[in-house]
Structures are given as structure tokens and as C-alpha cells.
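Q: The structure file work01.cif (mmCIF, C-alpha atoms) is provided below.
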data_final
loop_
_atom_site.label_atom_id
_atom_site.label_comp_id
_atom_site.auth_asym_id
_atom_site.auth_seq_id
_atom_site.Cartn_x
_atom_site.Cartn_y
_atom_site.Cartn_z
CA MET N 1 114.35 -37.61 -59.39
CA ASP N 2 116.38 -39.35 -56.66
CA ARG N 3 117.10 -36.12 -54.78
CA TRP N 4 113.35 -35.52 -54.36
CA ASN N 5 112.68 -38.88 -52.73
CA GLY N 6 110.77 -38.25 -49.51
CA LYS N 7 110.50 -34.51 -50.22
CA VAL N 8 107.22 -32.59 -50.34
CA ALA N 9 105.45 -31.62 -53.56
CA VAL N 10 102.29 -29.53 -53.80
CA VAL N 11 100.10 -29.68 -56.91
CA THR N 12 97.22 -27.25 -57.39
CA GLY N 13 94.18 -28.25 -59.40
CA ALA N 14 94.94 -31.91 -58.71
CA SER N 15 91.42 -33.30 -59.02
CA SER N 16 91.49 -34.03 -62.76
CA GLY N 17 93.40 -33.79 -66.01
CA ILE N 18 97.00 -32.62 -65.97
CA GLY N 19 97.06 -31.96 -62.23
CA ALA N 20 95.82 -35.45 -61.41
CA GLU N 21 98.46 -37.07 -63.60
CA ILE N 22 101.24 -34.94 -62.11
CA ALA N 23 100.12 -35.73 -58.56
CA LYS N 24 100.08 -39.46 -59.28
CA ASP N 25 103.45 -39.43 -61.02
CA LEU N 26 105.14 -37.45 -58.25
CA ALA N 27 103.80 -39.87 -55.64
CA LYS N 28 105.04 -42.81 -57.72
CA ALA N 29 108.42 -41.09 -57.98
CA GLY N 30 108.75 -41.11 -54.19
CA MET N 31 107.58 -37.62 -53.25
CA ILE N 32 105.14 -36.85 -50.46
CA THR N 33 102.52 -35.28 -52.67
CA ILE N 34 99.75 -32.93 -51.54
CA GLY N 35 97.04 -32.51 -54.14
CA LEU N 36 95.06 -29.29 -53.72
CA ALA N 37 91.59 -29.01 -55.19
CA ARG N 38 88.10 -27.76 -54.57
CA ARG N 39 86.80 -31.26 -55.34
CA VAL N 40 89.01 -32.90 -52.75
CA GLU N 41 87.17 -36.23 -52.94
CA ARG N 42 88.41 -36.68 -56.50
CA VAL N 43 92.02 -36.39 -55.33
CA GLU N 44 91.29 -39.08 -52.74
CA GLN N 45 89.97 -41.31 -55.52
CA LEU N 46 93.30 -41.07 -57.36
CA LYS N 47 94.82 -43.33 -54.71
CA GLN N 48 92.87 -46.22 -56.20
CA GLN N 49 94.97 -45.87 -59.37
CA LEU N 50 98.29 -46.12 -57.53
CA PRO N 51 100.37 -48.90 -55.98
CA LYS N 52 99.93 -49.03 -52.21
CA GLU N 53 103.21 -47.29 -51.32
CA ALA N 54 102.57 -44.46 -53.77
CA ALA N 55 98.96 -44.14 -52.62
CA ASN N 56 100.20 -43.68 -49.06
CA ARG N 57 102.32 -40.74 -50.26
CA LEU N 58 99.38 -38.92 -51.90
CA HIS N 59 97.38 -36.61 -49.64
CA ALA N 60 94.38 -34.47 -50.54
CA MET N 61 93.68 -31.00 -49.18
CA LYS N 62 90.71 -28.82 -50.01
CA CYS N 63 91.81 -25.44 -51.35
CA ASP N 64 90.33 -22.88 -53.73
CA VAL N 65 93.33 -20.99 -55.11
CA SER N 66 91.11 -18.06 -56.08
CA ILE N 67 90.59 -17.33 -52.36
CA GLU N 68 93.56 -15.78 -50.55
CA THR N 69 92.55 -17.00 -47.10
CA ASP N 70 92.21 -20.56 -48.43
CA ILE N 71 95.77 -20.41 -49.76
CA GLU N 72 97.21 -19.03 -46.53
CA ARG N 73 95.39 -21.60 -44.40
CA THR N 74 96.41 -24.49 -46.66
CA PHE N 75 100.11 -23.64 -46.87
CA GLN N 76 100.24 -23.13 -43.11
CA ARG N 77 98.68 -26.56 -42.67
CA ILE N 78 101.25 -28.05 -45.04
CA ALA N 79 104.06 -26.44 -43.04
CA ASP N 80 102.64 -27.70 -39.76
CA THR N 81 101.98 -31.23 -41.02
CA TYR N 82 104.79 -31.92 -43.51
CA GLY N 83 107.42 -29.31 -42.67
CA GLY N 84 107.18 -27.21 -45.81
CA VAL N 85 107.19 -27.25 -49.61
CA ASP N 86 110.09 -28.46 -51.78
CA VAL N 87 108.32 -28.51 -55.16
CA LEU N 88 105.24 -26.54 -56.21
CA VAL N 89 103.33 -27.23 -59.41
CA ASN N 90 100.88 -24.43 -60.19
CA ASN N 91 98.44 -26.30 -62.38
CA ALA N 92 95.04 -24.86 -61.38
CA GLY N 93 93.43 -22.97 -64.24
CA ILE N 94 89.99 -22.19 -65.61
CA VAL N 95 88.42 -20.71 -68.73
CA ARG N 96 85.02 -19.03 -69.11
CA GLN N 97 83.15 -19.39 -72.38
CA ASN N 98 82.25 -15.90 -73.58
CA ASN N 99 83.68 -13.14 -75.72
CA LEU N 100 86.10 -10.64 -74.22
CA LEU N 101 83.97 -7.74 -75.50
CA ASP N 102 80.68 -9.12 -74.20
CA PRO N 103 79.28 -6.82 -71.49
CA GLY N 104 78.19 -8.23 -68.15
CA THR N 105 81.08 -10.71 -67.79
CA ALA N 106 82.98 -9.01 -64.96
CA ALA N 107 82.44 -11.94 -62.59
CA ASP N 108 83.91 -14.35 -65.14
CA LEU N 109 86.88 -12.05 -65.76
CA ARG N 110 87.64 -11.87 -62.05
CA ALA N 111 87.25 -15.64 -61.59
CA VAL N 112 89.74 -16.44 -64.37
CA LEU N 113 92.25 -13.80 -63.23
CA ASP N 114 91.96 -14.84 -59.58
CA THR N 115 92.65 -18.49 -60.43
CA ASN N 116 95.06 -18.32 -63.34
CA VAL N 117 97.15 -15.33 -62.24
CA THR N 118 96.65 -14.14 -58.67
CA GLY N 119 96.27 -17.62 -57.21
CA LEU N 120 99.40 -18.78 -59.01
CA VAL N 121 101.42 -15.88 -57.60
CA LEU N 122 100.10 -16.27 -54.05
CA CYS N 123 100.81 -20.02 -53.99
CA SER N 124 104.30 -19.29 -55.32
CA GLN N 125 104.88 -16.70 -52.59
CA TRP N 126 104.10 -19.22 -49.85
CA ALA N 127 106.13 -22.00 -51.45
CA TYR N 128 109.10 -19.70 -52.06
CA LYS N 129 109.01 -18.49 -48.45
CA SER N 130 109.02 -22.10 -47.27
CA MET N 131 112.02 -22.91 -49.45
CA VAL N 132 113.99 -19.85 -48.38
CA ASP N 133 113.20 -20.25 -44.69
CA ARG N 134 114.37 -23.88 -44.75
CA LYS N 135 117.31 -23.20 -47.11
CA VAL N 136 115.94 -25.62 -49.70
CA ASP N 137 116.88 -25.35 -53.38
CA GLY N 138 113.34 -26.08 -54.48
CA HIS N 139 111.48 -25.84 -57.76
CA ILE N 140 108.32 -24.00 -58.84
CA VAL N 141 106.61 -25.12 -62.03
CA HIS N 142 103.84 -23.17 -63.75
CA ILE N 143 101.56 -25.07 -66.10
CA SER N 144 100.91 -22.39 -68.68
CA SER N 145 99.76 -22.79 -72.29
CA ILE N 146 100.79 -22.28 -75.87
CA ALA N 147 98.16 -19.52 -75.64
CA GLY N 148 100.74 -17.64 -73.60
CA HIS N 149 102.99 -17.44 -76.66
CA SER N 150 100.45 -16.77 -79.42
CA VAL N 151 96.72 -16.14 -79.24
CA PRO N 152 94.78 -19.03 -80.80
CA ASN N 153 91.91 -18.16 -83.11
CA PHE N 154 89.31 -20.05 -81.11
CA PRO N 155 86.00 -18.36 -80.21
CA LYS N 156 85.04 -17.41 -76.66
CA LEU N 157 88.38 -17.90 -74.91
CA ASN N 158 87.86 -14.47 -73.36
CA ILE N 159 90.75 -13.39 -71.11
CA TYR N 160 92.30 -16.87 -70.89
CA PRO N 161 95.13 -16.18 -73.41
CA GLY N 162 95.83 -12.92 -71.59
CA THR N 163 96.27 -14.77 -68.29
CA LYS N 164 98.72 -17.19 -69.89
CA HIS N 165 100.75 -14.34 -71.37
CA ALA N 166 100.81 -12.95 -67.84
CA VAL N 167 102.15 -16.26 -66.51
CA ARG N 168 104.97 -16.09 -69.04
CA ALA N 169 105.99 -12.65 -67.76
CA ILE N 170 105.47 -13.71 -64.14
CA THR N 171 107.80 -16.66 -64.64
CA GLU N 172 110.60 -14.40 -65.85
CA THR N 173 109.99 -11.89 -63.05
CA MET N 174 110.24 -14.68 -60.49
CA ARG N 175 113.42 -15.95 -62.10
CA HIS N 176 115.01 -12.50 -61.83
CA GLU N 177 113.96 -12.17 -58.19
CA MET N 178 115.27 -15.64 -57.29
CA ARG N 179 118.60 -14.93 -58.96
CA ASP N 180 118.94 -11.48 -57.41
CA ALA N 181 118.23 -12.97 -53.98
CA GLY N 182 121.13 -15.38 -54.47
CA THR N 183 119.00 -18.52 -54.28
CA LYS N 184 119.36 -21.70 -56.32
CA ILE N 185 115.60 -22.15 -56.46
CA LYS N 186 114.34 -22.91 -59.97
CA VAL N 187 111.22 -21.80 -61.81
CA THR N 188 109.95 -23.41 -65.00
CA SER N 189 107.01 -22.68 -67.29
CA VAL N 190 105.45 -25.58 -69.18
CA SER N 191 103.33 -24.48 -72.14
CA PRO N 192 101.29 -27.26 -73.74
CA GLY N 193 99.15 -27.07 -76.83
CA ALA N 194 95.61 -28.37 -76.54
CA VAL N 195 95.37 -31.23 -74.03
CA LYS N 196 92.51 -33.72 -73.80
CA THR N 197 91.14 -32.60 -70.42
CA GLU N 198 87.95 -31.17 -68.90
CA ILE N 199 89.04 -27.58 -69.52
CA LEU N 200 88.28 -28.11 -73.22
CA ASP N 201 84.67 -29.08 -72.54
CA GLY N 202 82.54 -26.73 -74.62
CA VAL N 203 85.48 -25.23 -76.54
CA ALA N 204 84.94 -25.27 -80.30
CA ILE N 205 87.93 -27.37 -81.35
CA PRO N 206 88.01 -28.86 -84.87
CA GLU N 207 87.50 -32.62 -84.85
CA GLU N 208 90.71 -33.23 -86.80
CA MET N 209 92.86 -31.18 -84.42
CA PRO N 210 95.52 -33.33 -82.70
CA LEU N 211 95.49 -33.27 -78.90
CA LEU N 212 98.04 -34.05 -76.23
CA GLU N 213 97.35 -36.36 -73.30
CA ALA N 214 97.67 -35.26 -69.67
CA GLU N 215 100.40 -37.89 -69.26
CA ASP N 216 102.53 -36.03 -71.82
CA ILE N 217 102.56 -32.91 -69.67
CA SER N 218 103.26 -34.81 -66.48
CA ALA N 219 106.27 -36.45 -68.10
CA ALA N 220 107.59 -32.98 -69.02
CA VAL N 221 107.19 -31.75 -65.45
CA LEU N 222 109.10 -34.74 -64.07
CA TYR N 223 111.84 -34.12 -66.64
CA ALA N 224 112.15 -30.46 -65.62
CA ILE N 225 112.33 -31.06 -61.88
CA GLY N 226 114.55 -34.10 -62.39
CA THR N 227 117.38 -32.13 -63.98
CA PRO N 228 120.62 -31.75 -61.99
CA PRO N 229 120.90 -28.80 -59.56
CA HIS N 230 123.03 -26.79 -62.02
CA VAL N 231 120.48 -27.14 -64.86
CA GLN N 232 117.37 -25.00 -65.14
CA VAL N 233 114.70 -25.58 -67.77
CA HIS N 234 113.30 -22.12 -68.43
CA GLU N 235 110.43 -22.97 -70.74
CA LEU N 236 109.00 -26.11 -72.28
CA ILE N 237 106.64 -25.75 -75.24
CA ILE N 238 104.86 -29.01 -75.99
CA LYS N 239 102.79 -29.55 -79.11
CA PRO N 240 101.25 -32.67 -80.63
CA VAL N 241 102.63 -33.74 -83.98
CA GLY N 242 100.66 -32.03 -86.72
CA GLU N 243 99.47 -29.06 -84.68
CA VAL N 244 99.57 -25.84 -86.68
CA MET N 245 98.87 -23.36 -83.86
#
Could you spell out this file's structure in C-alpha cells?

A:
Amino acid sequence: MDRWNGKVAVVTGASSGIGAEIAKDLAKAGMITIGLARRVERVEQLKQQLPKEAANRLHAMKCDVSIETDIERTFQRIADTYGGVDVLVNNAGIVRQNNLLDPGTAADLRAVLDTNVTGLVLCSQWAYKSMVDRKVDGHIVHISSIAGHSVPNFPKLNIYPGTKHAVRAITETMRHEMRDAGTKIKVTSVSPGAVKTEILDGVAIPEEMPLLEAEDISAAVLYAIGTPPHVQVHELIIKPVGEVM
């Protein structure tokens, strides 16, 4: 992680769960860390959990990644204030609790797609442009899901597994484009099993099912971005011991 010391990291969905842990760990690792969230006050509260120097490196910005104008405004502000983006962690994601075949759920479908897919791509576009313009060999990390590799038999996940399969394909498309453009920018997909976070609230998970902690995923992200410049981690699948999914 030494080469990232003093560099700029952006984490979407940084107000809780996996995003909050990643934001804290990147700040502790020496990166100027911008946590994006709709609930920006919760990102500010994370500073209380950090040593003073790390807390000074963590900055909160309000951004709804399902809104294109929000993304454009936020990344322009980051460029103006901090110079640009060196590492982007696309963590923001939502799930809506209904069946895919239930009528009258178009608003939920659009909300999940706009956050989990379109928002991820738009944030990546701005970060990639920043890296290319400044000739930085940066890193983009997508927090995906094991649901992007096989569809879990849980009720009412709706289009969520579909969005994570899309992220898997998007990751590979980005990798091809980065390579074809002659860049050394990396892209990594991290696919956890079930993680003990707010996104599982209301999901019918068996009581005996083992769960990962948000800290486990953050450690994987720091491993991936901490690899030497000639090493690229394509995909990390992380499961708790005993998981059968």
C-alpha cells in the first residue's frame, strides 16, 4: 500500500457496512479518502472511530450514484479540490424486497439498476478519465456479490442477482477497454457471500447460515489494490467457512 500513500481514493456507499469499513481502512492506510453517500452525516461520524491523522484524511461528500448529475457534480468537485481520483471503490448497492414477476415494481427495478449498474459505470467513467488525463496507473474495484456467479435461492431478491451478473460482465468489458487503450490501470471485482450488513435487513436468511463481516471484504480490497504494479487481481470470491451457496 506504500505507493498509495497520500493518493486519492473514492468510495461509494460509504455510510455503512462494507463501504464504511473500506473508507476507514483506506484512510488508515494513508490515502486521502472521499466517502460518497446519501447519508453524508454518517460518513462524518466514521471519523470518531479513527486515529486523528486518519480521521483528517477522511472526507465526506453527499452523492446519490443513481443520479447522473450528482455523479458529474461530485467528481468535478473531487477534481477541483483534490486533483483527481487514483483509486475508486464502487461499493454502493441496493436491493428491493419483491418478486421479479410481481407487477407494479417498475420503480424498484429502475432504482436497483440505476444504483447497482448504471451508477457503477458512470462513476467508473469519471474515475477512469481522471486517471488517463493525469497519466495515473490507478485501480477501480467493484464490490459485486457471489450472486453474480450463481443465483441464490432466496425469496424476493428481484433483479439484484441480475445486476451482479451485469457487474461481472462490465468488469471484463472494462478490462478489455483498458488493455486495448494501452493503460496500466487495473480493475478488480470482489464477490462476497452474505455479509452482515444493513442490505440484508428483511432478507429471509436461515439462522444457521454463516455470514462474513464487513472487515473481511475491506481486507480483500486492500490486498487487491496493494499488489505490485505488474499484478492484477481479476476476481476475488469470498465465502465464509461452511457456506454452501

Q: List, as number ranges by chain, every residue that the PyMOL selection byres ((chain N and resi 213-226) around 10) selects in the file provided.

A: N: 1-4, 16-26, 29, 87, 89, 138-143, 186-197, 211-212, 227-229, 231-240

Q: Store the residues picked out above in a file with C-alpha atoms, as a CSV table (one decimal), keeping the file's coordinate frame.

A:
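Writing done, so here's part_39.csv:
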chain,number,residue,atom,x,y,z
N,1,MET,CA,114.4,-37.6,-59.4
N,2,ASP,CA,116.4,-39.4,-56.7
N,3,ARG,CA,117.1,-36.1,-54.8
N,4,TRP,CA,113.4,-35.5,-54.4
N,16,SER,CA,91.5,-34.0,-62.8
N,17,GLY,CA,93.4,-33.8,-66.0
N,18,ILE,CA,97.0,-32.6,-66.0
N,19,GLY,CA,97.1,-32.0,-62.2
N,20,ALA,CA,95.8,-35.4,-61.4
N,21,GLU,CA,98.5,-37.1,-63.6
N,22,ILE,CA,101.2,-34.9,-62.1
N,23,ALA,CA,100.1,-35.7,-58.6
N,24,LYS,CA,100.1,-39.5,-59.3
N,25,ASP,CA,103.4,-39.4,-61.0
N,26,LEU,CA,105.1,-37.4,-58.2
N,29,ALA,CA,108.4,-41.1,-58.0
N,87,VAL,CA,108.3,-28.5,-55.2
N,89,VAL,CA,103.3,-27.2,-59.4
N,138,GLY,CA,113.3,-26.1,-54.5
N,139,HIS,CA,111.5,-25.8,-57.8
N,140,ILE,CA,108.3,-24.0,-58.8
N,141,VAL,CA,106.6,-25.1,-62.0
N,142,HIS,CA,103.8,-23.2,-63.8
N,143,ILE,CA,101.6,-25.1,-66.1
N,186,LYS,CA,114.3,-22.9,-60.0
N,187,VAL,CA,111.2,-21.8,-61.8
N,188,THR,CA,110.0,-23.4,-65.0
N,189,SER,CA,107.0,-22.7,-67.3
N,190,VAL,CA,105.4,-25.6,-69.2
N,191,SER,CA,103.3,-24.5,-72.1
N,192,PRO,CA,101.3,-27.3,-73.7
N,193,GLY,CA,99.2,-27.1,-76.8
N,194,ALA,CA,95.6,-28.4,-76.5
N,195,VAL,CA,95.4,-31.2,-74.0
N,196,LYS,CA,92.5,-33.7,-73.8
N,197,THR,CA,91.1,-32.6,-70.4
N,211,LEU,CA,95.5,-33.3,-78.9
N,212,LEU,CA,98.0,-34.0,-76.2
N,227,THR,CA,117.4,-32.1,-64.0
N,228,PRO,CA,120.6,-31.8,-62.0
N,229,PRO,CA,120.9,-28.8,-59.6
N,231,VAL,CA,120.5,-27.1,-64.9
N,232,GLN,CA,117.4,-25.0,-65.1
N,233,VAL,CA,114.7,-25.6,-67.8
N,234,HIS,CA,113.3,-22.1,-68.4
N,235,GLU,CA,110.4,-23.0,-70.7
N,236,LEU,CA,109.0,-26.1,-72.3
N,237,ILE,CA,106.6,-25.8,-75.2
N,238,ILE,CA,104.9,-29.0,-76.0
N,239,LYS,CA,102.8,-29.6,-79.1
N,240,PRO,CA,101.2,-32.7,-80.6

Q: Using atom CA of N:Ala37 and atom CA of N:Glu177 as the two end points, give the distance in Å to one decimal.

A: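 Going from atom CA of N:Ala37 over to atom CA of N:Glu177 covers 28.2 Å.
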
Q: Quick one: which residues end up in the PyMOL selection byres ((chain N and resi 64) around 12) for this structure, as a compact mmCIF listing (two decimals) with C-alpha atoms, in the coordinates of the input?

A:
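The new file result_28.txt reads:
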# COMPACT_ATOMS: atom_id res chain seq x y z
CA THR N 12 97.22 -27.25 -57.39
CA GLY N 13 94.18 -28.25 -59.40
CA ALA N 14 94.94 -31.91 -58.71
CA SER N 15 91.42 -33.30 -59.02
CA GLY N 35 97.04 -32.51 -54.14
CA LEU N 36 95.06 -29.29 -53.72
CA ALA N 37 91.59 -29.01 -55.19
CA ARG N 38 88.10 -27.76 -54.57
CA ARG N 39 86.80 -31.26 -55.34
CA VAL N 40 89.01 -32.90 -52.75
CA MET N 61 93.68 -31.00 -49.18
CA LYS N 62 90.71 -28.82 -50.01
CA CYS N 63 91.81 -25.44 -51.35
CA VAL N 65 93.33 -20.99 -55.11
CA SER N 66 91.11 -18.06 -56.08
CA ILE N 67 90.59 -17.33 -52.36
CA GLU N 68 93.56 -15.78 -50.55
CA THR N 69 92.55 -17.00 -47.10
CA ASP N 70 92.21 -20.56 -48.43
CA ILE N 71 95.77 -20.41 -49.76
CA GLU N 72 97.21 -19.03 -46.53
CA ARG N 73 95.39 -21.60 -44.40
CA THR N 74 96.41 -24.49 -46.66
CA PHE N 75 100.11 -23.64 -46.87
CA ALA N 92 95.04 -24.86 -61.38
CA GLY N 93 93.43 -22.97 -64.24
CA ILE N 94 89.99 -22.19 -65.61
CA ALA N 111 87.25 -15.64 -61.59
CA ASP N 114 91.96 -14.84 -59.58
CA THR N 115 92.65 -18.49 -60.43
CA ASN N 116 95.06 -18.32 -63.34
CA THR N 118 96.65 -14.14 -58.67
CA GLY N 119 96.27 -17.62 -57.21
CA LEU N 120 99.40 -18.78 -59.01
CA LEU N 122 100.10 -16.27 -54.05
CA CYS N 123 100.81 -20.02 -53.99

Q: If I take atom CA of N:Lys156 and atom CA of N:Asp108, how far is one from the other in Å, to one decimal?

A: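 Calculated distance between atom CA of N:Lys156 and atom CA of N:Asp108 is 12.0 Å.
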
Q: Each side padded by 8 Å, which centre and which edge lengths in Å (one decimal) define the axis-aligned box around the listed atoms of stretch 6-11 of chain N? Give them as lines of an AutoDock Vina configuration file.

A:
center_x = 105.4
center_y = -33.9
center_z = -53.2
size_x = 26.7
size_y = 24.7
size_z = 23.4

Q: Rank N:Pro103, N:Gly30, N:Gly148, N:Gly84 by their smallest atom-to-atom distance to N:Arg168, using all atoms listed in the file, and report the top residue only.

A: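 Once distances to N:Arg168 are computed over all atoms listed in the file, the minimum belongs to N:Gly148.
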
Q: Separation of atom CA of N:Leu58 and atom CA of N:Glu41, in Å?

A: 12.5 Å

Q: Near N:Ile170, within 10 Å and counting only C-alpha atoms, which residues show up once chain neighbours fewer than 4 positions away are dropped, as a list in words?

A: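 What passes the distance filter is Val117, Leu120, Val121, His142, Lys164, His165, Ala166, Met174, Arg175, His176 and Ser189 of chain N.
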
Q: Under the rule that only C-alpha atoms are counted, which of N:Gln97, N:Gly242, N:Val11, N:Thr173 is the nearest residue to N:Ala127?

A: N:Val11

Q: Just want the 9 Å neighbourhood of N:Ala27, counted on all atoms listed in the file, with same-chain residues fewer than 4 positions away dropped. Output as a ChimeraX atom specification.

A: /N:9,22-23,31-33,50,53-58

Q: Calculated over only C-alpha atoms, which of the candidates N:Pro155, N:Gly83, N:Gly182, N:Gly6 has the smallest distance to N:Leu100?

A: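 Answer, going by the shortest atom-to-atom distance: N:Pro155.
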
Q: Just need stretch 106-210 of chain N in a file, please: C-alpha atoms, as an mmCIF file, in the first residue's frame.

A:
data_model
loop_
_atom_site.group_PDB
_atom_site.id
_atom_site.type_symbol
_atom_site.label_atom_id
_atom_site.label_comp_id
_atom_site.auth_asym_id
_atom_site.auth_seq_id
_atom_site.Cartn_x
_atom_site.Cartn_y
_atom_site.Cartn_z
ATOM 1 C CA ALA N 106 -41.030 -0.795 -12.214
ATOM 2 C CA ALA N 107 -39.832 1.939 -9.844
ATOM 3 C CA ASP N 108 -37.951 -0.616 -7.747
ATOM 4 C CA LEU N 109 -36.412 -2.188 -10.855
ATOM 5 C CA ARG N 110 -35.161 1.183 -12.055
ATOM 6 C CA ALA N 111 -33.807 2.121 -8.619
ATOM 7 C CA VAL N 112 -31.752 -1.072 -8.322
ATOM 8 C CA LEU N 113 -30.459 -0.877 -11.903
ATOM 9 C CA ASP N 114 -29.620 2.824 -11.589
ATOM 10 C CA THR N 115 -27.599 2.237 -8.409
ATOM 11 C CA ASN N 116 -26.046 -1.180 -8.939
ATOM 12 C CA VAL N 117 -25.279 -0.949 -12.661
ATOM 13 C CA THR N 118 -25.604 2.486 -14.248
ATOM 14 C CA GLY N 119 -24.191 4.362 -11.266
ATOM 15 C CA LEU N 120 -21.239 1.983 -11.090
ATOM 16 C CA VAL N 121 -20.446 2.540 -14.771
ATOM 17 C CA LEU N 122 -20.820 6.327 -14.607
ATOM 18 C CA CYS N 123 -18.577 6.611 -11.539
ATOM 19 C CA SER N 124 -16.029 4.401 -13.302
ATOM 20 C CA GLN N 125 -16.142 6.610 -16.394
ATOM 21 C CA TRP N 126 -15.268 9.716 -14.380
ATOM 22 C CA ALA N 127 -12.561 7.979 -12.362
ATOM 23 C CA TYR N 128 -11.019 6.418 -15.474
ATOM 24 C CA LYS N 129 -10.979 9.786 -17.249
ATOM 25 C CA SER N 130 -9.223 11.316 -14.244
ATOM 26 C CA MET N 131 -6.598 8.563 -14.260
ATOM 27 C CA VAL N 132 -5.973 8.790 -18.002
ATOM 28 C CA ASP N 133 -5.853 12.581 -18.067
ATOM 29 C CA ARG N 134 -3.269 12.622 -15.252
ATOM 30 C CA LYS N 135 -1.372 9.562 -16.557
ATOM 31 C CA VAL N 136 -2.013 7.660 -13.321
ATOM 32 C CA ASP N 137 -1.938 3.852 -13.200
ATOM 33 C CA GLY N 138 -4.962 3.741 -10.937
ATOM 34 C CA HIS N 139 -7.289 1.000 -9.758
ATOM 35 C CA ILE N 140 -11.068 0.538 -9.959
ATOM 36 C CA VAL N 141 -12.666 -2.002 -7.635
ATOM 37 C CA HIS N 142 -16.259 -3.198 -7.951
ATOM 38 C CA ILE N 143 -17.888 -4.699 -4.877
ATOM 39 C CA SER N 144 -20.066 -7.317 -6.518
ATOM 40 C CA SER N 145 -21.547 -10.469 -4.984
ATOM 41 C CA ILE N 146 -21.488 -14.227 -5.131
ATOM 42 C CA ALA N 147 -24.963 -13.663 -6.620
ATOM 43 C CA GLY N 148 -23.121 -12.528 -9.728
ATOM 44 C CA HIS N 149 -21.746 -16.048 -10.183
ATOM 45 C CA SER N 150 -24.773 -18.157 -9.234
ATOM 46 C CA VAL N 151 -28.317 -17.138 -8.365
ATOM 47 C CA PRO N 152 -29.078 -17.862 -4.696
ATOM 48 C CA ASN N 153 -32.399 -19.486 -3.891
ATOM 49 C CA PHE N 154 -33.547 -16.719 -1.567
ATOM 50 C CA PRO N 155 -37.036 -15.230 -1.958
ATOM 51 C CA LYS N 156 -37.669 -11.674 -3.145
ATOM 52 C CA LEU N 157 -34.191 -10.745 -4.369
ATOM 53 C CA ASN N 158 -35.849 -9.495 -7.555
ATOM 54 C CA ILE N 159 -33.351 -8.142 -10.108
ATOM 55 C CA TYR N 160 -30.447 -7.936 -7.642
ATOM 56 C CA PRO N 161 -28.682 -11.128 -8.874
ATOM 57 C CA GLY N 162 -29.132 -9.898 -12.436
ATOM 58 C CA THR N 163 -27.369 -6.632 -11.607
ATOM 59 C CA LYS N 164 -24.443 -8.509 -10.081
ATOM 60 C CA HIS N 165 -24.128 -10.734 -13.142
ATOM 61 C CA ALA N 166 -24.047 -7.493 -15.117
ATOM 62 C CA VAL N 167 -21.205 -6.189 -12.933
ATOM 63 C CA ARG N 168 -19.223 -9.325 -13.692
ATOM 64 C CA ALA N 169 -19.569 -8.711 -17.435
ATOM 65 C CA ILE N 170 -18.936 -4.986 -17.009
ATOM 66 C CA THR N 171 -15.694 -5.718 -15.174
ATOM 67 C CA GLU N 172 -14.397 -7.811 -18.061
ATOM 68 C CA THR N 173 -15.515 -5.230 -20.636
ATOM 69 C CA MET N 174 -13.647 -2.526 -18.747
ATOM 70 C CA ARG N 175 -10.568 -4.720 -18.529
ATOM 71 C CA HIS N 176 -10.589 -5.215 -22.312
ATOM 72 C CA GLU N 177 -11.017 -1.489 -22.921
ATOM 73 C CA MET N 178 -8.212 -0.564 -20.504
ATOM 74 C CA ARG N 179 -5.858 -3.060 -22.111
ATOM 75 C CA ASP N 180 -6.763 -2.021 -25.653
ATOM 76 C CA ALA N 181 -6.147 1.616 -24.723
ATOM 77 C CA GLY N 182 -2.629 0.692 -23.604
ATOM 78 C CA THR N 183 -3.143 1.733 -19.987
ATOM 79 C CA LYS N 184 -1.824 0.026 -16.865
ATOM 80 C CA ILE N 185 -4.991 0.851 -14.950
ATOM 81 C CA LYS N 186 -6.395 -2.140 -13.071
ATOM 82 C CA VAL N 187 -9.964 -3.273 -12.476
ATOM 83 C CA THR N 188 -10.969 -5.867 -9.891
ATOM 84 C CA SER N 189 -14.285 -7.430 -8.937
ATOM 85 C CA VAL N 190 -14.762 -8.561 -5.338
ATOM 86 C CA SER N 191 -17.637 -11.010 -4.902
ATOM 87 C CA PRO N 192 -18.539 -11.762 -1.284
ATOM 88 C CA GLY N 193 -21.057 -14.235 0.002
ATOM 89 C CA ALA N 194 -23.591 -12.954 2.503
ATOM 90 C CA VAL N 195 -22.136 -10.171 4.667
ATOM 91 C CA LYS N 196 -23.563 -8.981 7.979
ATOM 92 C CA THR N 197 -24.667 -5.506 6.837
ATOM 93 C CA GLU N 198 -27.837 -3.418 6.505
ATOM 94 C CA ILE N 199 -28.512 -4.672 2.980
ATOM 95 C CA LEU N 200 -29.612 -7.995 4.490
ATOM 96 C CA ASP N 201 -32.285 -6.357 6.647
ATOM 97 C CA GLY N 202 -35.543 -8.096 5.791
ATOM 98 C CA VAL N 203 -33.909 -10.818 3.670
ATOM 99 C CA ALA N 204 -35.038 -14.310 4.673
ATOM 100 C CA ILE N 205 -31.677 -15.824 5.591
ATOM 101 C CA PRO N 206 -31.588 -19.080 7.598
ATOM 102 C CA GLU N 207 -30.428 -18.526 11.167
ATOM 103 C CA GLU N 208 -27.668 -21.127 10.842
ATOM 104 C CA MET N 209 -26.216 -19.570 7.686
ATOM 105 C CA PRO N 210 -22.634 -18.332 8.222
#
